Each structure stands twice: as structure tokens, then as C-alpha cells.
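Structure record follows, encoded as C-alpha cells.
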Amino acid sequence: MVLFIMCFILFLVGLYGVITRRNLIKIIIALSIMEYSLNLFFILIGYRKGGEIPILKDAGAVPPVVVDPLPQAMILTAIVIGLATTALLLAIAIRLYRKYKTFDVSGINALKG
Amino acid sequence: MEALLPLFVVIPLGFAFITALLGRYIPLFHRIAIPLVFLFLSVLSVWMMANLRETVLNYMVGGWEPVNGIPVGIHLSADGFSVLLLVIINSLAFLSAFYSYAYIEQYTSGQYFYALFCLMVAGMNGVAVTGDIFNLYVFLEIAAIASYALVAFGIKKEELEASFKYQVLGGIGSLFILFGIGVLYWATGTLNMADIHKIIGSTAVSPGIVFAGVLLLAGFGIKSAMVPFHSWLPDAHSSAPSPISAMLSGVLIKSIGIYCLLRFFFNIFTASSQVAYVITTLGVASMVIGAFLAIYQWDIKRLLAYSSISQIGYVVMSAGIGLILLCNHGDIHVAALAIFGGIYHLMNHAFFKGLLFLNAGSLEYRLKTRNLLKMGGLASSMPVTSSTSLVASMAIAGIPPFNGFFSKLVIIVAAVKSGFYGLAIIAVIVSIITLSLFLKFQRYAFYGKPSESATTEKDVPFSMEGTMILLAVCCLLLSLLIFPFFRNLILMPAVHALMNATI
């Protein structure tokens, strides 16, 4: 249970970072931290104490306790999606830097109201 | 008919890659092929709707049959509500793609525009047909990432900034949704929607499920821009190219926001009255605050974007009233009426707000400005844009022969019948504010003194005019849905699909 709470705290650390940081790159890092905390959370959901890898080694011999493979499959997909979002965010951040010559959010304020 | 379900995802997804590859070498390929693809899909979805009635379609991708009653593999399922959403998505996608035929000439590399457009539609169609919550997340992200890129398509200062803001908030929303899905899987041990509903229904309410509900409410609240989470919407929707604004405001916030919200809280979780009150409150807050914020806007597209928040509030409030009645064992017929009003308004809003954004796009196309103060007296030089926008403005403000009147009337009648007199009065007041909002839009853009700086001799090209006329006709025809024959054919299957699980 402690591990789950640590995971949640990591999630909140990321959220805090997104809200309070003023640098575009730091915001992206904070979003990545949130994402990693979720990856960790999903792996923890699938964990079984003393579980083995969920692969049938010999025909018919099923290990008594296996870890749940589904969250692992899910998190592989989520990592790929996270990669896509991070890449797009960084691309936009670089474009913004070229237009405004700054990574500071307070300097990027064409839109208001 | 089940075997048709994957087509809604596969065809746009395939064409996204084909256009990105071939569009560079074959000129006009993407501009002609993509509207035809969406026309085919919308005809297909209308055909499905006509034949579906009250049944639920289930399709196992790759023929993976359930093992011991537990579905493995990818499970697609469509009921009345999904098919209604498919009709809205694909018909609006067809109209926007056709409109883009002339509009896209302003931009270079149009093939990427169409490729991203196809990806977005593939994602939204996927959200509508999936029967599995993790697939829902994946499709939702496909649609969302394509829309992030489309918002930044013009790569001007404002567009990049809006896209960054949208991505950060949208990313937080997606992570909340993923977290909620994880907790739900932890609590129930399955990802299939029907299975989760069965397991949640048969066990006592556990803290884990409540926590998942809160996370999903926050996530979909961000995605559908309900009031405390709305700050990204006006920037993103006003910065995107106009056909995309029409898609974002008309369809995207509904399919990945409202649809998922209703799906989760009606069909997956056991309804509880606390959640229903929270949803209703969010809806009322969006309705009121969105309308008030819209009044101060002088940029047409920002004005329309804020008014989207307000109109989405109507949908959410009405569905919330329905959920409250269902939880408190109120009158089933009144609950059905409230949900019917919400879904009807959702469908109407897609058409009239799509039309209004296309009108705004036409003005921007000719005048190169979005500022209402710089316009004036365009009614004579742009007759088609002016008359269609008048139709859309009357529809959104709720003037009788148009569709918006009937859906708002149903919502208000449902609120009165269920005893929420205050909400009915608020809905009427917000409707009057909406009217004043669109009177302002009409007055400054099309009537009054012609301005010197922004003038034009001729109206927009044919593809843009044709789309706007078609949508204006739709605004008029959709008011037929109030009659029992059309209502039972088109909207009631969706209402029953939402209510069946809850009763």
C-alpha cells in the first residue's frame, strides 16, 4: 500500500510542477513525471507477491503464481502514446522559442481573455 | 452488420497514411478523395442507424471468442448512442472536409492537414464503437494528439501558444483518465465495459471505485471543457483552421468528452445521486459562466468558442437531471425526457455550431480579420454567408422554426417537470443571453455601417458556400426530430441505450 501512496505522491509532484513552473521545458518534464508515476502504478497493479513471468515454459506446466500481464501490455501502449505527446510538445516548444526567443511562460502571452 | 464496425476506424486510419504518402505526388488527390471517404462513412452510419433499432452490435476483432465468458482481444460494441454519435461525427467530417477544398488553399502542404483530419476522425469513431475502456483511452489519445497538431497547423505565434496550452491541459486530462482506468481495472479486474458494469453492480460500493469515478469525472471534465476546466477551449478552438474549429467545437468535445462522460456514469458505474448532482452543477456552471464570458469577446471565433462552453452546459445539465431522477427513483418518463433533450441538443449543437464556425471561417477567408469591430455591412456583399449565419444564430438562440428551439424547449420542460424550477429559469435566462450574443454578432458583422478596412466584393468559393447551405438546411430539418416518428427512429434508441443499464 505504501508503494501505491508513493505513486500517487509522485503523480501529485508532477501536477504541482505543471501548475507552478514557468518554463516550457520544465512543464514538459513535470508532465512526463506524471506519466511515469502512472506507468509505475500500472506495473504495481499487475504485481503478485512471488509471481513468475506469465509465459508457459513447458507444455502444461502452469506456474502457481504469475504476475498479471495485462497492465504490462497496457503500459507499453501508454508509453508509446506518451512518447508521441512528449515529442509533439517539444516540437511546439521549440517553435515557440523561435517565435518568442524565450521559454518563459510569462513572456508568451499573445492570447488573453 | 457487426462486421461493418471496424470499418469506421480502419478506413480513416488507412486514408490518413495514404494521403500523407500520395498527397505530395498526386495534386488534388486528398482534396477530392477525403470528402468522398467521409461521405461514404456517413452514408454507412445512417444506414446502420436505420437498421439498428434497439439492438446492440458486438464484434470481436480477429475472431477472438470470449474464454469462460470473459472477452479477450479487442471488443467493439455499438448501441443506439454510439451509432448516433457515428452519424454526427461522419456527416460533420464530410461537410468540413468538403468546405476545406477551397479553404485549404491558404496553407501549404494540405496533404498533412487531411492526414491529421483523418486521424482525428479515426480516433473519434474508435471512441464511439469501442467496448473496452483501455481502447477508449487509446482512441481518445489518437483523436486528441491529431487535434493538438491541427490547432498548431498555421504555425503562427497565437496558434503555437494555443496548441501548447491545449496540449498541457489535455495531457493532464488524459493522464487523469488513464489513472481512473487503472484504478477501475485494479478494483474490478476487467477492462470490458459490460463486465465492469456487472461487477460493480453486484458488489458493494468500494472506495476504489469512487476514487476512479472522481478521476474520470475530472479527466472528461477537462476534455469536454466544463467550467472550472475550460481555459484551454477558447484559445484552441479560435486558433485552429476554421473547418477544424467546426470539428473541434461541433464534434470533438462531444465525442471524447460528453459521450465518454455519459457512457461512464450511465452505463458503467452504478449511478449515485451525489455524482448526478455534481454533473448537474458542472453543467449549470458551464452554461452560465460560458455565456457571460462570451459577451465580452470581439473576436468572432472566441465568441463562438465561449458559447460552445455554454451550450455544452445545457447538454450536461439535462443529462444530469435525468441521472438525478434515475437515482432517486423519480418518474422514468421525465428522466427519459431530460436525457432526450440533452442528446437532441448535443446533435443540434454539432450542426449549428459547426455552421457558425464555418461562417466565421468564410469571413476570415475574405476579410483576413476576426475582429467584429473591423467588420460591418457585409450582408450585401456576402449574401450566402450572411443568410446562413442568420439561420445558425436563430437556431442557437432558440427561435421557433429551427432545431435549437425544440431541444431547449424539451430541456426546459424536463427541468420544470422534474421540479427543478430554478434550473429552468436559469436555462431561459442563458438562452436570452445567447440571443443577445448572436444579435451582437449579426449586427457588427453583417449590418450597420460598412467598414473601410475590411471589405470584399464577392462571396466565398462554391465548396464553402455549398457546405454552409447544406448545414443551414440541416438546422431546419433537424427540428423534424421532435415528431414521434423521427424521434423514435433516431434519438430514442440512444436514450434507451443510456437508460437501460441504469434502471
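Ligands are numbered from 1 in the order shown, residues from 1 within each chain, and chains are lettered A, B, ... in the order they appear in the C-alpha cells.
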Name all residues at most 9 Å from Met226 in chain B (count only C-alpha atoms; drop same-chain ones fewer than 5 positions away) and give them as a PyMOL selection string. chain B and resi 220-221+282-283+285-287+309-310+312-313+316
Using only C-alpha atoms, determine which residues lie at most 12 Å from Leu489 in chain B, disregarding the query and same-chain residues fewer than 5 positions distant; provide the list as a short mmCIF file (atom, residue, chain, number, x, y, z; two decimals) with N, CA and C atoms, in the first residue's frame.
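File written: part19.cif
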data_model
loop_
_atom_site.label_atom_id
_atom_site.label_comp_id
_atom_site.auth_asym_id
_atom_site.auth_seq_id
_atom_site.Cartn_x
_atom_site.Cartn_y
_atom_site.Cartn_z
N VAL B 46 -25.57 6.24 -41.43
CA VAL B 46 -27.01 6.48 -41.48
C VAL B 46 -27.74 5.17 -41.77
N TRP B 47 -27.17 4.35 -42.67
CA TRP B 47 -27.77 3.05 -42.98
C TRP B 47 -27.81 2.17 -41.73
N MET B 48 -26.70 2.21 -40.97
CA MET B 48 -26.68 1.41 -39.73
C MET B 48 -27.74 1.88 -38.76
N MET B 49 -27.88 3.21 -38.66
CA MET B 49 -28.86 3.75 -37.73
C MET B 49 -30.27 3.32 -38.12
N ALA B 50 -30.55 3.32 -39.45
CA ALA B 50 -31.88 2.94 -39.90
C ALA B 50 -32.18 1.48 -39.61
N ASN B 51 -31.13 0.64 -39.59
CA ASN B 51 -31.36 -0.78 -39.38
C ASN B 51 -31.12 -1.26 -37.96
N LEU B 52 -30.59 -0.38 -37.11
CA LEU B 52 -30.15 -0.86 -35.80
C LEU B 52 -31.31 -1.04 -34.83
N ARG B 53 -32.18 -0.03 -34.77
CA ARG B 53 -33.27 -0.01 -33.77
C ARG B 53 -32.69 -0.13 -32.37
N GLU B 54 -33.17 -1.13 -31.61
CA GLU B 54 -32.79 -1.16 -30.19
C GLU B 54 -31.73 -2.21 -29.89
N GLY B 80 -27.45 2.28 -29.67
CA GLY B 80 -28.08 3.43 -30.30
C GLY B 80 -27.28 4.72 -30.16
N VAL B 83 -24.14 4.77 -32.39
CA VAL B 83 -24.42 4.95 -33.81
C VAL B 83 -24.86 6.38 -34.08
N LEU B 84 -25.61 6.97 -33.16
CA LEU B 84 -25.99 8.39 -33.31
C LEU B 84 -24.73 9.25 -33.38
N LEU B 480 -37.42 18.48 -37.31
CA LEU B 480 -38.40 17.42 -37.51
C LEU B 480 -38.26 16.32 -36.46
N LEU B 481 -37.08 16.23 -35.82
CA LEU B 481 -36.85 15.15 -34.87
C LEU B 481 -37.78 15.23 -33.66
N ILE B 482 -38.46 16.35 -33.50
CA ILE B 482 -39.37 16.45 -32.37
C ILE B 482 -40.61 15.59 -32.60
N PHE B 483 -40.90 15.28 -33.88
CA PHE B 483 -42.09 14.47 -34.17
C PHE B 483 -41.83 13.01 -33.84
N PRO B 484 -42.85 12.32 -33.29
CA PRO B 484 -42.62 10.97 -32.77
C PRO B 484 -41.98 10.01 -33.76
N ALA B 494 -30.89 5.95 -28.68
CA ALA B 494 -29.77 6.45 -27.88
C ALA B 494 -30.19 6.65 -26.43
N VAL B 495 -31.40 7.21 -26.24
CA VAL B 495 -31.89 7.44 -24.88
C VAL B 495 -32.04 6.10 -24.15
N HIS B 496 -32.61 5.12 -24.85
CA HIS B 496 -32.80 3.82 -24.20
C HIS B 496 -31.46 3.15 -23.91
#
Ser479 in chain B surroundings by only C-alpha atoms, 10 Å radius, close-in-sequence under 4 positions cut, as a list in words: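 Everything that qualifies: Tyr344, Asn348, Ala395, Pro400, Pro401, Phe402, Asn403, Gly404, Phe405, Phe406, Ser407, Cys474, Cys475, Phe483 and Phe486 of chain B.
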Can I get the selected residues back with C-alpha atoms, as a PDB file, in the first residue's frame?
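Listing of out-v8.pdb after writing:
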ATOM      1  CA  TYR B 344     -31.132  16.205 -29.008  1.00  0.00           C
ATOM      2  CA  ASN B 348     -28.277  20.141 -32.824  1.00  0.00           C
ATOM      3  CA  ALA B 395     -31.061  28.110 -34.231  1.00  0.00           C
ATOM      4  CA  PRO B 400     -39.018  28.647 -33.226  1.00  0.00           C
ATOM      5  CA  PRO B 401     -38.769  27.038 -36.648  1.00  0.00           C
ATOM      6  CA  PHE B 402     -35.161  25.945 -36.064  1.00  0.00           C
ATOM      7  CA  ASN B 403     -33.826  22.929 -34.210  1.00  0.00           C
ATOM      8  CA  GLY B 404     -32.311  24.780 -31.238  1.00  0.00           C
ATOM      9  CA  PHE B 405     -35.718  25.957 -30.111  1.00  0.00           C
ATOM     10  CA  PHE B 406     -37.130  22.461 -29.782  1.00  0.00           C
ATOM     11  CA  SER B 407     -34.185  20.961 -27.916  1.00  0.00           C
ATOM     12  CA  CYS B 474     -29.811  20.531 -41.737  1.00  0.00           C
ATOM     13  CA  CYS B 475     -30.554  23.096 -38.996  1.00  0.00           C
ATOM     14  CA  PHE B 483     -42.090  14.470 -34.167  1.00  0.00           C
ATOM     15  CA  PHE B 486     -38.356  10.596 -36.454  1.00  0.00           C
TER      16      PHE B 486
END
Could you give me, as a list in words, the residues within 12 Å of Leu3 in chain A, counting only C-alpha atoms and dropping anything in the same chain fewer than 6 positions from it?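 Selected residues are Ile9, Leu10, Ser37, Leu40, Phe41, Phe42, Ile43, Leu44, Ile45 and Tyr47 of chain A.
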What's the 8 Å shell around Phe98 in chain B, counting only C-alpha atoms, without same-chain residues fewer than 2 positions away, as a list in words? Arg31, Pro35, Phe94, Leu95, Ser96, Ser100, Tyr101, Ser463, Met464 and Thr467 of chain B
Hey, list the chain B side of the contact with chain A: 10 Å cut-off, only C-alpha atoms, answer as a ChimeraX atom specification. /B:134-135,137-138,141-142,144-145,148-149,152,155-165,167-169,171-172,174-176,178-179,181-183,185-187,189-191,231,234-235,239,293,296-297,302
May I have the residues within 7 Å of Leu346 in chain B as a ChimeraX atom specification, using only C-alpha atoms and disregarding those fewer than 4 positions away in the same chain? /B:315,342,350
Report as a ChimeraX atom specification all protein, DNA and RNA residues lying within 10 Å of Phe265 in chain B, evaluated on only C-alpha atoms, omitting residues in the same chain fewer than 5 positions from it. /B:213,216-217,260,270-272,275-276,279,320,323,498,502
Now that the selection is made, can you save its residues with N, CA and C atoms as a compact mmCIF listing (two decimals), in the first residue's frame?
# COMPACT_ATOMS: atom_id res chain seq x y z
N GLY B 213 -14.14 7.06 -10.12
CA GLY B 213 -15.18 7.94 -10.64
C GLY B 213 -14.76 9.39 -10.60
N LEU B 216 -12.12 10.05 -13.28
CA LEU B 216 -12.68 10.08 -14.63
C LEU B 216 -13.53 11.33 -14.84
N LEU B 217 -14.23 11.75 -13.78
CA LEU B 217 -15.03 12.97 -13.91
C LEU B 217 -14.13 14.17 -14.19
N CYS B 260 -18.09 10.11 -23.54
CA CYS B 260 -17.42 9.22 -22.58
C CYS B 260 -17.97 9.44 -21.18
N THR B 270 -22.43 2.30 -11.19
CA THR B 270 -23.77 2.35 -10.64
C THR B 270 -24.05 3.80 -10.32
N ALA B 271 -25.16 4.31 -10.82
CA ALA B 271 -25.43 5.73 -10.66
C ALA B 271 -25.66 6.04 -9.19
N SER B 272 -25.03 7.14 -8.74
CA SER B 272 -25.32 7.57 -7.37
C SER B 272 -25.74 9.03 -7.45
N VAL B 275 -23.00 11.93 -7.47
CA VAL B 275 -22.34 12.16 -8.75
C VAL B 275 -23.27 12.91 -9.68
N ALA B 276 -24.57 12.53 -9.65
CA ALA B 276 -25.53 13.17 -10.54
C ALA B 276 -25.64 14.66 -10.21
N ILE B 279 -22.56 16.43 -11.55
CA ILE B 279 -22.63 16.62 -13.01
C ILE B 279 -23.58 17.75 -13.36
N GLY B 320 -27.66 15.42 -16.51
CA GLY B 320 -27.54 15.33 -15.05
C GLY B 320 -28.89 15.23 -14.37
N LEU B 323 -30.11 11.82 -14.71
CA LEU B 323 -29.43 10.89 -13.82
C LEU B 323 -29.93 11.04 -12.39
N LEU B 498 -28.76 4.59 -23.05
CA LEU B 498 -28.21 5.17 -21.83
C LEU B 498 -28.98 4.71 -20.60
N THR B 502 -29.10 1.65 -16.35
CA THR B 502 -29.27 2.29 -15.05
C THR B 502 -30.52 1.81 -14.33
